[in-house]
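**Q** My structure file model_17.cif, mmCIF, C-alpha atoms, is below:
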data_entry
#
loop_
_atom_site.label_atom_id
_atom_site.label_comp_id
_atom_site.auth_asym_id
_atom_site.auth_seq_id
_atom_site.Cartn_x
_atom_site.Cartn_y
_atom_site.Cartn_z
CA MET A 1 1.77 1.96 -5.09
CA ASN A 2 0.09 -1.52 -5.23
CA TYR A 3 1.65 -1.58 -8.58
CA PHE A 4 4.68 -0.84 -6.71
CA LYS A 5 3.69 -3.49 -4.13
CA ILE A 6 4.21 -6.18 -6.65
CA ALA A 7 5.42 -9.20 -4.76
CA ALA A 8 3.73 -8.32 -1.52
CA LEU A 9 0.30 -7.48 -2.82
CA SER A 10 0.24 -9.08 -6.24
CA ILE A 11 -1.06 -5.86 -7.62
CA GLY A 12 -3.31 -5.24 -10.10
CA LEU A 13 -5.44 -4.11 -12.39
CA LEU A 14 1.47 -19.70 -26.59
CA THR A 15 3.78 -19.32 -28.70
CA VAL A 16 1.01 -20.59 -30.95
CA SER A 17 0.49 -18.47 -34.01
CA CYS A 18 -2.98 -17.55 -35.20
CA SER A 19 -4.47 -20.82 -36.23
CA THR A 20 -5.91 -21.62 -39.61
CA GLN A 21 -9.29 -21.89 -37.92
CA ASN A 22 -8.96 -18.39 -36.47
CA VAL A 23 -7.95 -16.94 -39.82
CA LYS A 24 -10.91 -18.63 -41.44
CA SER A 25 -13.33 -17.32 -38.83
CA ALA A 26 -11.86 -13.82 -39.20
CA LYS A 27 -12.53 -13.88 -42.94
CA THR A 28 -16.06 -15.09 -42.31
CA ALA A 29 -16.55 -12.24 -39.84
CA SER A 30 -15.69 -9.64 -42.45
CA VAL A 31 -18.41 -11.01 -44.72
CA ASN A 32 -21.20 -11.89 -42.28
CA GLN A 33 -20.45 -9.27 -39.63
CA LYS A 34 -21.08 -11.68 -36.80
CA GLU A 35 -19.47 -11.36 -33.40
CA GLU A 36 -16.12 -13.15 -33.33
CA LYS A 37 -13.54 -14.00 -30.66
CA LEU A 38 -10.12 -14.83 -32.06
CA THR A 39 -7.90 -16.32 -29.37
CA ASP A 40 -4.17 -16.92 -28.88
CA ILE A 41 -3.02 -14.81 -31.80
CA GLN A 42 0.75 -14.41 -31.89
CA TYR A 43 1.47 -10.86 -32.97
CA GLY A 44 5.26 -10.86 -32.48
CA THR A 45 8.25 -13.14 -32.09
CA HIS A 46 8.50 -13.31 -28.30
CA GLU A 47 6.57 -16.01 -26.47
CA LYS A 48 4.68 -13.33 -24.52
CA ASN A 49 3.46 -11.67 -27.73
CA ILE A 50 -0.01 -13.20 -27.57
CA MET A 51 -3.40 -11.52 -27.78
CA ASP A 52 -7.11 -12.25 -28.05
CA VAL A 53 -9.17 -10.14 -30.44
CA TYR A 54 -12.86 -9.50 -29.82
CA LEU A 55 -14.86 -8.33 -32.83
CA PRO A 56 -18.44 -7.10 -32.35
CA ALA A 57 -21.27 -7.78 -34.75
CA ASP A 58 -22.13 -5.12 -37.32
CA ARG A 59 -18.68 -3.54 -37.03
CA SER A 60 -17.09 -1.23 -39.55
CA PRO A 61 -13.83 0.72 -39.94
CA ASN A 62 -15.52 3.45 -37.87
CA THR A 63 -16.08 1.18 -34.85
CA ALA A 64 -14.02 1.97 -31.75
CA PHE A 65 -11.14 -0.52 -31.38
CA LEU A 66 -9.48 -0.64 -27.96
CA ILE A 67 -6.07 -2.11 -27.09
CA SER A 68 -6.29 -3.34 -23.50
CA ILE A 69 -3.07 -3.45 -21.44
CA HIS A 70 -3.19 -5.56 -18.27
CA GLY A 71 -1.62 -4.44 -15.00
CA GLY A 72 0.85 -6.22 -12.75
CA ALA A 73 3.67 -3.81 -11.89
CA TRP A 74 5.26 -4.46 -15.30
CA THR A 75 6.45 -7.82 -13.94
CA MET A 76 3.35 -10.00 -13.72
CA GLY A 77 -0.30 -10.22 -14.74
CA ASP A 78 -2.10 -11.63 -17.75
CA ARG A 79 -4.67 -10.56 -20.32
CA LYS A 80 -7.12 -13.02 -18.77
CA ASP A 81 -7.30 -10.71 -15.74
CA ASP A 82 -9.33 -8.28 -17.86
CA VAL A 83 -11.72 -10.66 -19.60
CA LYS A 84 -14.83 -9.40 -17.80
CA PHE A 85 -13.99 -5.82 -18.77
CA VAL A 86 -13.34 -6.82 -22.37
CA GLU A 87 -16.52 -8.88 -22.63
CA TYR A 88 -18.53 -5.91 -21.41
CA LEU A 89 -17.06 -3.64 -24.06
CA LEU A 90 -17.76 -6.27 -26.72
CA SER A 91 -21.40 -6.30 -25.62
CA GLN A 92 -21.40 -2.55 -26.20
CA GLY A 93 -20.28 -2.93 -29.82
CA ILE A 94 -16.62 -2.08 -29.18
CA ALA A 95 -13.76 -4.12 -30.67
CA VAL A 96 -10.94 -5.03 -28.28
CA ALA A 97 -7.46 -6.52 -28.54
CA ASN A 98 -6.57 -7.96 -25.13
CA ILE A 99 -2.83 -8.45 -25.10
CA ASN A 100 0.07 -9.99 -23.22
CA TYR A 101 3.56 -8.52 -23.48
CA ARG A 102 7.06 -8.97 -22.10
CA TYR A 103 7.73 -8.44 -18.41
CA VAL A 104 10.54 -6.06 -17.43
CA ASN A 105 13.78 -7.21 -15.82
CA LEU A 106 17.12 -5.75 -14.75
CA THR A 107 18.95 -6.69 -17.94
CA ASP A 108 17.38 -6.49 -21.38
CA THR A 109 13.69 -5.65 -21.00
CA HIS A 110 12.49 -2.26 -19.82
CA LEU A 111 9.74 0.14 -20.84
CA PRO A 112 10.98 0.56 -24.46
CA GLU A 113 10.67 -3.19 -25.03
CA ILE A 114 7.09 -3.21 -23.71
CA LEU A 115 6.25 -0.28 -25.99
CA ASP A 116 7.77 -2.18 -28.92
CA ASP A 117 5.48 -5.11 -28.11
CA ILE A 118 2.42 -2.84 -28.08
CA ASP A 119 3.57 -1.39 -31.39
CA HIS A 120 3.83 -4.84 -32.96
CA ALA A 121 0.29 -5.60 -31.79
CA VAL A 122 -1.01 -2.36 -33.30
CA LYS A 123 0.67 -3.12 -36.62
CA TYR A 124 -0.83 -6.60 -36.62
CA LEU A 125 -4.31 -5.20 -36.03
CA SER A 126 -3.80 -2.63 -38.77
CA SER A 127 -2.64 -5.28 -41.24
CA HIS A 128 -5.85 -7.29 -40.65
CA ALA A 129 -8.22 -4.34 -40.94
CA ARG A 130 -9.58 -5.30 -44.36
CA GLU A 131 -9.92 -8.96 -43.42
CA TRP A 132 -11.83 -8.16 -40.23
CA ASN A 133 -13.63 -5.03 -41.50
CA THR A 134 -12.12 -2.99 -38.69
CA ARG A 135 -10.19 0.27 -38.49
CA LYS A 136 -6.67 0.48 -39.89
CA ASN A 137 -5.57 3.30 -37.58
CA GLY A 138 -6.90 5.55 -34.84
CA PHE A 139 -6.97 2.83 -32.19
CA SER A 140 -7.79 3.56 -28.54
CA ILE A 141 -5.71 2.26 -25.64
CA SER A 142 -6.40 1.56 -21.97
CA GLY A 143 -4.97 -0.10 -18.89
CA GLY A 144 -5.10 -0.31 -15.14
CA SER A 145 -2.21 0.75 -12.87
CA SER A 146 1.03 -0.26 -14.64
CA GLY A 147 -1.11 -0.96 -17.71
CA ALA A 148 -2.37 2.63 -17.51
CA HIS A 149 1.23 3.87 -17.32
CA VAL A 150 2.17 1.83 -20.40
CA SER A 151 -0.92 3.06 -22.27
CA LEU A 152 -0.04 6.69 -21.60
CA MET A 153 3.60 6.27 -22.54
CA TYR A 154 2.74 4.44 -25.75
CA ALA A 155 0.32 7.12 -26.87
CA TYR A 156 2.53 10.02 -25.80
CA THR A 157 5.91 8.78 -27.05
CA LYS A 158 5.43 5.94 -29.52
CA ASN A 159 2.20 6.42 -31.46
CA THR A 160 0.62 9.85 -31.46
CA GLN A 161 -2.13 8.57 -33.80
CA ILE A 162 -3.85 6.85 -30.88
CA LYS A 163 -7.39 8.21 -30.84
CA THR A 164 -8.00 8.25 -27.10
CA ILE A 165 -6.48 6.99 -23.82
CA ILE A 166 -8.25 5.51 -20.80
CA GLU A 167 -6.06 5.31 -17.72
CA MET A 168 -7.29 3.69 -14.53
CA CYS A 169 -5.37 4.11 -11.26
CA GLY A 170 -2.09 4.60 -13.05
CA PRO A 171 1.20 6.10 -11.83
CA VAL A 172 2.01 9.14 -13.97
CA ASP A 173 4.86 11.02 -12.28
CA PHE A 174 7.98 9.32 -10.93
CA THR A 175 9.62 12.68 -10.28
CA ASP A 176 7.23 13.29 -7.39
CA VAL A 177 9.44 13.06 -4.29
CA GLN A 178 6.61 11.98 -2.00
CA THR A 179 5.92 9.05 -4.31
CA LEU A 180 9.56 8.03 -4.43
CA GLN A 181 9.84 8.20 -0.66
CA TYR A 182 6.85 5.88 -0.38
CA VAL A 183 8.35 3.44 -2.87
CA LYS A 184 11.72 3.46 -1.14
CA ALA A 185 10.15 2.91 2.28
CA ALA A 186 8.43 -0.16 0.88
CA ASN A 187 11.77 -1.45 -0.49
CA LEU A 188 10.28 -1.44 -3.96
CA LEU A 189 12.48 0.92 -5.91
CA GLY A 190 13.77 -2.21 -7.62
CA VAL A 191 10.63 -2.69 -9.67
CA LEU A 192 10.69 0.95 -10.76
CA ASP A 193 14.32 0.48 -11.78
CA LYS A 194 13.42 -2.59 -13.82
CA MET A 195 10.79 -0.67 -15.73
CA SER A 196 12.80 2.53 -16.20
CA GLY A 197 16.23 0.97 -16.65
CA ASN A 198 17.59 3.19 -13.88
CA LYS A 199 21.06 2.28 -12.57
CA VAL A 200 21.41 5.09 -10.02
CA VAL A 201 20.67 4.48 -6.34
CA TRP A 202 18.18 7.13 -5.22
CA ASN A 203 17.88 8.44 -1.67
CA PRO A 204 15.74 11.29 -0.34
CA GLY A 205 17.46 14.57 -1.06
CA ASP A 206 19.19 13.23 -4.18
CA ALA A 207 18.45 14.52 -7.68
CA ILE A 208 15.71 12.62 -9.48
CA PRO A 209 17.28 9.97 -11.73
CA ASP A 210 16.96 10.82 -15.41
CA ALA A 211 15.40 7.41 -16.07
CA TYR A 212 12.50 8.25 -13.75
CA THR A 213 11.83 11.49 -15.60
CA LYS A 214 11.98 9.78 -18.99
CA THR A 215 9.36 7.23 -17.94
CA SER A 216 6.90 9.68 -16.36
CA PRO A 217 3.89 10.12 -18.69
CA VAL A 218 3.07 13.57 -17.30
CA LYS A 219 6.29 14.86 -18.92
CA PHE A 220 5.15 13.89 -22.42
CA ILE A 221 1.51 14.91 -22.65
CA ASN A 222 0.07 15.58 -26.10
CA GLN A 223 -3.39 16.42 -27.38
CA ILE A 224 -4.94 12.94 -27.20
CA PRO A 225 -8.29 12.97 -25.34
CA THR A 226 -7.82 11.17 -22.03
CA LEU A 227 -10.20 9.58 -19.52
CA ILE A 228 -8.85 9.30 -15.96
CA ILE A 229 -10.55 6.92 -13.52
CA HIS A 230 -9.30 6.67 -9.95
CA GLY A 231 -10.61 5.52 -6.59
CA ASP A 232 -10.39 8.10 -3.82
CA LYS A 233 -9.23 5.41 -1.37
CA ASP A 234 -6.49 3.97 -3.57
CA GLU A 235 -3.91 2.62 -1.15
CA VAL A 236 -1.38 1.78 -3.85
CA VAL A 237 -1.35 4.58 -6.42
CA PRO A 238 -2.65 7.57 -4.44
CA ILE A 239 -5.36 9.60 -6.15
CA GLN A 240 -2.91 12.51 -6.11
CA GLN A 241 -1.31 10.89 -9.16
CA GLY A 242 -4.62 11.22 -10.99
CA TYR A 243 -4.86 14.88 -10.02
CA ILE A 244 -1.30 15.49 -11.23
CA LEU A 245 -2.31 14.19 -14.66
CA GLU A 246 -5.58 16.11 -14.61
CA ASN A 247 -3.80 19.39 -13.86
CA ALA A 248 -1.23 18.78 -16.58
CA LEU A 249 -3.91 18.00 -19.17
CA LYS A 250 -5.87 21.09 -18.14
CA ALA A 251 -2.77 23.29 -18.42
CA LYS A 252 -2.16 22.10 -21.98
CA GLY A 253 -5.79 22.41 -23.05
CA VAL A 254 -6.22 18.67 -23.66
CA GLN A 255 -9.73 17.23 -23.72
CA TYR A 256 -10.13 15.06 -20.64
CA LYS A 257 -12.54 13.73 -18.06
CA MET A 258 -11.71 12.62 -14.54
CA VAL A 259 -13.99 10.13 -12.81
CA VAL A 260 -13.43 9.70 -9.08
CA VAL A 261 -14.97 6.49 -7.75
CA PRO A 262 -16.00 7.15 -4.12
CA GLY A 263 -14.61 4.66 -1.61
CA ALA A 264 -12.77 2.60 -4.22
CA GLY A 265 -9.27 1.29 -3.58
CA HIS A 266 -6.67 0.21 -6.10
CA LEU A 267 -8.78 -2.76 -7.14
CA ILE A 268 -11.24 -0.25 -8.45
CA THR A 269 -13.80 -2.73 -9.82
CA LYS A 270 -13.84 -4.95 -6.72
CA LEU A 271 -17.38 -3.92 -5.72
CA PRO A 272 -20.20 -4.47 -8.26
CA GLU A 273 -21.39 -0.87 -8.00
CA ASN A 274 -17.88 0.43 -8.67
CA GLU A 275 -17.41 -1.99 -11.54
CA GLN A 276 -20.55 -0.61 -13.17
CA ILE A 277 -19.29 2.97 -12.79
CA VAL A 278 -15.95 2.10 -14.40
CA PHE A 279 -17.31 -0.05 -17.22
CA ALA A 280 -20.10 2.38 -18.13
CA ASN A 281 -17.77 5.38 -18.18
CA VAL A 282 -15.25 3.59 -20.38
CA ALA A 283 -17.90 2.47 -22.87
CA GLU A 284 -19.44 5.93 -23.02
CA TRP A 285 -16.05 7.57 -23.53
CA LEU A 286 -15.08 5.16 -26.32
CA LYS A 287 -18.37 5.60 -28.14
CA LYS A 288 -17.78 9.35 -28.09
CA ASN A 289 -14.02 9.56 -28.64
CA GLY A 290 -12.97 6.22 -30.13
CA THR A 291 -15.12 6.30 -33.26
CA ASN A 292 -15.01 8.28 -36.48
#
With the file now loaded, output its structure as structure tokens.

**A**
Amino acid sequence: MNYFKIAALSIGLLTVSCSTQNVKSAKTASVNQKEEKLTDIQYGTHEKNIMDVYLPADRSPNTAFLISIHGGAWTMGDRKDDVKFVEYLLSQGIAVANINYRYVNLTDTHLPEILDDIDHAVKYLSSHAREWNTRKNGFSISGGSSGAHVSLMYAYTKNTQIKTIIEMCGPVDFTDVQTLQYVKAANLLGVLDKMSGNKVVWNPGDAIPDAYTKTSPVKFINQIPTLIIHGDKDEVVPIQQGYILENALKAKGVQYKMVVVPGAGHLITKLPENEQIVFANVAEWLKKNGTN
């Protein structure tokens, strides 16, 4: 997957705390209901625990509030990669927290640590709900590729109160032998091991490592409405992964929608016409499933 092709393909979909100026503008927003952009908010103790919060005009605690998780094979990427996407959602009256988080490594940071970071961000947003006149719970979550994987795992295993999930081009099943063979052939099992914490060397014909099963979102599906968006020419995370998730959601009776973007590769918004398909579908889904 191009989120498996980290170094080769650069895949992808401030330790400064929230300044006095940002806090002041946030309080003003709750009174005047003007659009606000609060930047470089530190939501946790790690230097990577930084986010930007976009608050639309005329918001209320019923307004959809999305947590956006950037891609980068769990080892790279930045929230700034998704600014255009976030700005579009803001223009549609949707609040967004665009966050950075810790990268995985072979020692002390794996998927659980990333999920802890997301959880800290959610708690920060919840604690500022009254100040910003935003929702206290029932957040939505989305991401592209590895960000989609993290979004699914957070909603399925860490916070079942997430209102809806939007996953774009994400890997969902690391127990799929064909996928593992592809990853191994590309000499990229290392990045999967960093994320999953796996210590077992896998070769074709071997049993699937337990760590791969425990980090496969498809194994933990719950009843959260889910939007799947995938390009049918994805050269990194094959569209089969999207169909695996679709079939699992269908089998469990979960509300879902799958949008296949014709001709789109892993960089699903590369072409303007594809970008419009993705952005419009996300906004429509959030307006329907992210509000209350």

**Q** May I ask which of the residues A:Asp206, A:Asp173, A:Asp81, A:Glu167 is the closest one to Ile228 of chain A, counting only C-alpha atoms?

**A**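 Smallest distance to Ile228 of chain A is found for A:Glu167.
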
**Q** Within 9 Å of Tyr88 of chain A, counting only C-alpha atoms, which residues qualify if same-chain residues fewer than 5 places away don't, as a PyMOL selection string?

**A** chain A and resi 83+94+279+283

**Q** Would you mind telling me which residue in A:Pro238, A:Gly72, A:Pro209, A:Pro112 lies nearest to Thr175 of chain A when using only C-alpha atoms?

**A**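 Smallest distance to Thr175 of chain A is found for A:Pro209.
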
**Q** For the point (-19.3, -4.7, -26.1) in the file's frame, write as a PyMOL selection string all residues with an atom no more than 10 Å away, counting only C-alpha atoms.

**A** chain A and resi 35+54-57+85-96+283

**Q** Specify as a list in words each residue included when the PyMOL selection byres ((chain A and resi 184-190) around 9) is applied to this file.

**A** Phe4, Lys5, Ile6, Leu106, Thr179, Leu180, Gln181, Tyr182, Val183, Val191, Leu192, Asp193, Lys194, Met195, Val201, Trp202, Asn203 and Pro204 of chain A

**Q** Here's the selection I'm unsure about, the PyMOL selection byres ((chain A and resi 77) around 10); applied to the file above, which residues does it give, as JSON, numbers by chain?

**A** {"A": [10, 11, 12, 13, 69, 70, 71, 72, 73, 74, 75, 76, 78, 79, 80, 81, 82, 100, 101, 103, 147]}

**Q** Assuming the chain letters and numbering stay as they are in my file, what does the PyMOL selection byres ((chain A and resi 160) around 12) actually select? List them as an mmCIF file with C-alpha atoms, in the frame of the given file.

**A**
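Contents of out18.cif, as written:
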data_model
loop_
_atom_site.group_PDB
_atom_site.id
_atom_site.type_symbol
_atom_site.label_atom_id
_atom_site.label_comp_id
_atom_site.auth_asym_id
_atom_site.auth_seq_id
_atom_site.Cartn_x
_atom_site.Cartn_y
_atom_site.Cartn_z
ATOM 1 C CA ASP A 119 3.570 -1.390 -31.390
ATOM 2 C CA ASN A 137 -5.570 3.300 -37.580
ATOM 3 C CA GLY A 138 -6.900 5.550 -34.840
ATOM 4 C CA PHE A 139 -6.970 2.830 -32.190
ATOM 5 C CA SER A 140 -7.790 3.560 -28.540
ATOM 6 C CA ILE A 141 -5.710 2.260 -25.640
ATOM 7 C CA SER A 151 -0.920 3.060 -22.270
ATOM 8 C CA LEU A 152 -0.040 6.690 -21.600
ATOM 9 C CA MET A 153 3.600 6.270 -22.540
ATOM 10 C CA TYR A 154 2.740 4.440 -25.750
ATOM 11 C CA ALA A 155 0.320 7.120 -26.870
ATOM 12 C CA TYR A 156 2.530 10.020 -25.800
ATOM 13 C CA THR A 157 5.910 8.780 -27.050
ATOM 14 C CA LYS A 158 5.430 5.940 -29.520
ATOM 15 C CA ASN A 159 2.200 6.420 -31.460
ATOM 16 C CA GLN A 161 -2.130 8.570 -33.800
ATOM 17 C CA ILE A 162 -3.850 6.850 -30.880
ATOM 18 C CA LYS A 163 -7.390 8.210 -30.840
ATOM 19 C CA THR A 164 -8.000 8.250 -27.100
ATOM 20 C CA ILE A 165 -6.480 6.990 -23.820
ATOM 21 C CA PHE A 220 5.150 13.890 -22.420
ATOM 22 C CA ILE A 221 1.510 14.910 -22.650
ATOM 23 C CA ASN A 222 0.070 15.580 -26.100
ATOM 24 C CA GLN A 223 -3.390 16.420 -27.380
ATOM 25 C CA ILE A 224 -4.940 12.940 -27.200
ATOM 26 C CA PRO A 225 -8.290 12.970 -25.340
#

**Q** Tell me, in Å to one decimal, how far atom CA of Gln42 of chain A is from atom CA of Gly144 of chain A.

**A**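 Between these atoms lies a distance of 22.7 Å.
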
**Q** Could you state the separation of atom CA of Pro272 of chain A and atom CA of Lys84 of chain A in Å, given to one decimal place?

**A** 12.0 Å

**Q** Do you have the atom CA of Leu267 of chain A-atom CA of Leu38 of chain A distance handy?

**A**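 Separation between atom CA of Leu267 of chain A and atom CA of Leu38 of chain A: 27.7 Å.
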
**Q** Which is closest to Ile229 of chain A among A:Val150, A:Leu115, A:Ile166, A:Val122, if we use only C-alpha atoms?

**A**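 Answer, going by the shortest atom-to-atom distance: A:Ile166.
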
**Q** Please list as a PyMOL selection string every residue within 12 Å of Asn292 of chain A, counting all atoms listed in the file and excluding residues in the same chain fewer than 2 positions away.

**A** chain A and resi 60-65+134-140+163-164+286-290

**Q** Please dump the current selection as an mmCIF file, keeping the file's coordinate frame; keep C-alpha atoms.

**A**
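Printed below is part_5.cif as written:
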data_model
loop_
_atom_site.group_PDB
_atom_site.id
_atom_site.type_symbol
_atom_site.label_atom_id
_atom_site.label_comp_id
_atom_site.auth_asym_id
_atom_site.auth_seq_id
_atom_site.Cartn_x
_atom_site.Cartn_y
_atom_site.Cartn_z
ATOM 1 C CA SER A 60 -17.090 -1.230 -39.550
ATOM 2 C CA PRO A 61 -13.830 0.720 -39.940
ATOM 3 C CA ASN A 62 -15.520 3.450 -37.870
ATOM 4 C CA THR A 63 -16.080 1.180 -34.850
ATOM 5 C CA ALA A 64 -14.020 1.970 -31.750
ATOM 6 C CA PHE A 65 -11.140 -0.520 -31.380
ATOM 7 C CA THR A 134 -12.120 -2.990 -38.690
ATOM 8 C CA ARG A 135 -10.190 0.270 -38.490
ATOM 9 C CA LYS A 136 -6.670 0.480 -39.890
ATOM 10 C CA ASN A 137 -5.570 3.300 -37.580
ATOM 11 C CA GLY A 138 -6.900 5.550 -34.840
ATOM 12 C CA PHE A 139 -6.970 2.830 -32.190
ATOM 13 C CA SER A 140 -7.790 3.560 -28.540
ATOM 14 C CA LYS A 163 -7.390 8.210 -30.840
ATOM 15 C CA THR A 164 -8.000 8.250 -27.100
ATOM 16 C CA LEU A 286 -15.080 5.160 -26.320
ATOM 17 C CA LYS A 287 -18.370 5.600 -28.140
ATOM 18 C CA LYS A 288 -17.780 9.350 -28.090
ATOM 19 C CA ASN A 289 -14.020 9.560 -28.640
ATOM 20 C CA GLY A 290 -12.970 6.220 -30.130
#

**Q** From the options A:Asp232, A:Glu36, A:Glu47, A:Asp210, which residue's atoms come nearest to Asp117 of chain A, counting only C-alpha atoms?

**A**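 Once distances to Asp117 of chain A are computed over only C-alpha atoms, the minimum belongs to A:Glu47.
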
**Q** Excluding Glu246 of chain A and residues on its chain fewer than 2 positions from it, collect all residues at most 12 Å away from it, counting only C-alpha atoms, and give them as a PDB file with C-alpha atoms, in the frame of the given file.

**A**
ATOM      1  CA  GLU A 167      -6.060   5.310 -17.720  1.00  0.00           C
ATOM      2  CA  VAL A 172       2.010   9.140 -13.970  1.00  0.00           C
ATOM      3  CA  ASP A 173       4.860  11.020 -12.280  1.00  0.00           C
ATOM      4  CA  PRO A 217       3.890  10.120 -18.690  1.00  0.00           C
ATOM      5  CA  VAL A 218       3.070  13.570 -17.300  1.00  0.00           C
ATOM      6  CA  ILE A 221       1.510  14.910 -22.650  1.00  0.00           C
ATOM      7  CA  PRO A 225      -8.290  12.970 -25.340  1.00  0.00           C
ATOM      8  CA  THR A 226      -7.820  11.170 -22.030  1.00  0.00           C
ATOM      9  CA  LEU A 227     -10.200   9.580 -19.520  1.00  0.00           C
ATOM     10  CA  ILE A 228      -8.850   9.300 -15.960  1.00  0.00           C
ATOM     11  CA  ILE A 229     -10.550   6.920 -13.520  1.00  0.00           C
ATOM     12  CA  HIS A 230      -9.300   6.670  -9.950  1.00  0.00           C
ATOM     13  CA  ILE A 239      -5.360   9.600  -6.150  1.00  0.00           C
ATOM     14  CA  GLN A 240      -2.910  12.510  -6.110  1.00  0.00           C
ATOM     15  CA  GLN A 241      -1.310  10.890  -9.160  1.00  0.00           C
ATOM     16  CA  GLY A 242      -4.620  11.220 -10.990  1.00  0.00           C
ATOM     17  CA  TYR A 243      -4.860  14.880 -10.020  1.00  0.00           C
ATOM     18  CA  ILE A 244      -1.300  15.490 -11.230  1.00  0.00           C
ATOM     19  CA  ALA A 248      -1.230  18.780 -16.580  1.00  0.00           C
ATOM     20  CA  LEU A 249      -3.910  18.000 -19.170  1.00  0.00           C
ATOM     21  CA  LYS A 250      -5.870  21.090 -18.140  1.00  0.00           C
ATOM     22  CA  ALA A 251      -2.770  23.290 -18.420  1.00  0.00           C
ATOM     23  CA  LYS A 252      -2.160  22.100 -21.980  1.00  0.00           C
ATOM     24  CA  GLY A 253      -5.790  22.410 -23.050  1.00  0.00           C
ATOM     25  CA  VAL A 254      -6.220  18.670 -23.660  1.00  0.00           C
ATOM     26  CA  GLN A 255      -9.730  17.230 -23.720  1.00  0.00           C
ATOM     27  CA  TYR A 256     -10.130  15.060 -20.640  1.00  0.00           C
ATOM     28  CA  LYS A 257     -12.540  13.730 -18.060  1.00  0.00           C
ATOM     29  CA  MET A 258     -11.710  12.620 -14.540  1.00  0.00           C
ATOM     30  CA  VAL A 259     -13.990  10.130 -12.810  1.00  0.00           C
ATOM     31  CA  VAL A 260     -13.430   9.700  -9.080  1.00  0.00           C
TER      32      VAL A 260
END

**Q** For each of A:Lys214, A:Thr269, A:Glu235, A:Gly197, take the minimum atom-to-atom distance to Thr107 of chain A, counting all atoms listed in the file, then give the residue where this is smallest.

**A**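 Smallest distance to Thr107 of chain A is found for A:Gly197.
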
**Q** Compare A:Ile118, A:Leu245, A:Ile277, A:Val236 by their minimum atom-to-atom distance to Lys219 of chain A, counting all atoms listed in the file, and give me the closest one.

**A**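 Counting all atoms listed in the file, the residue closest to Lys219 of chain A is A:Leu245.
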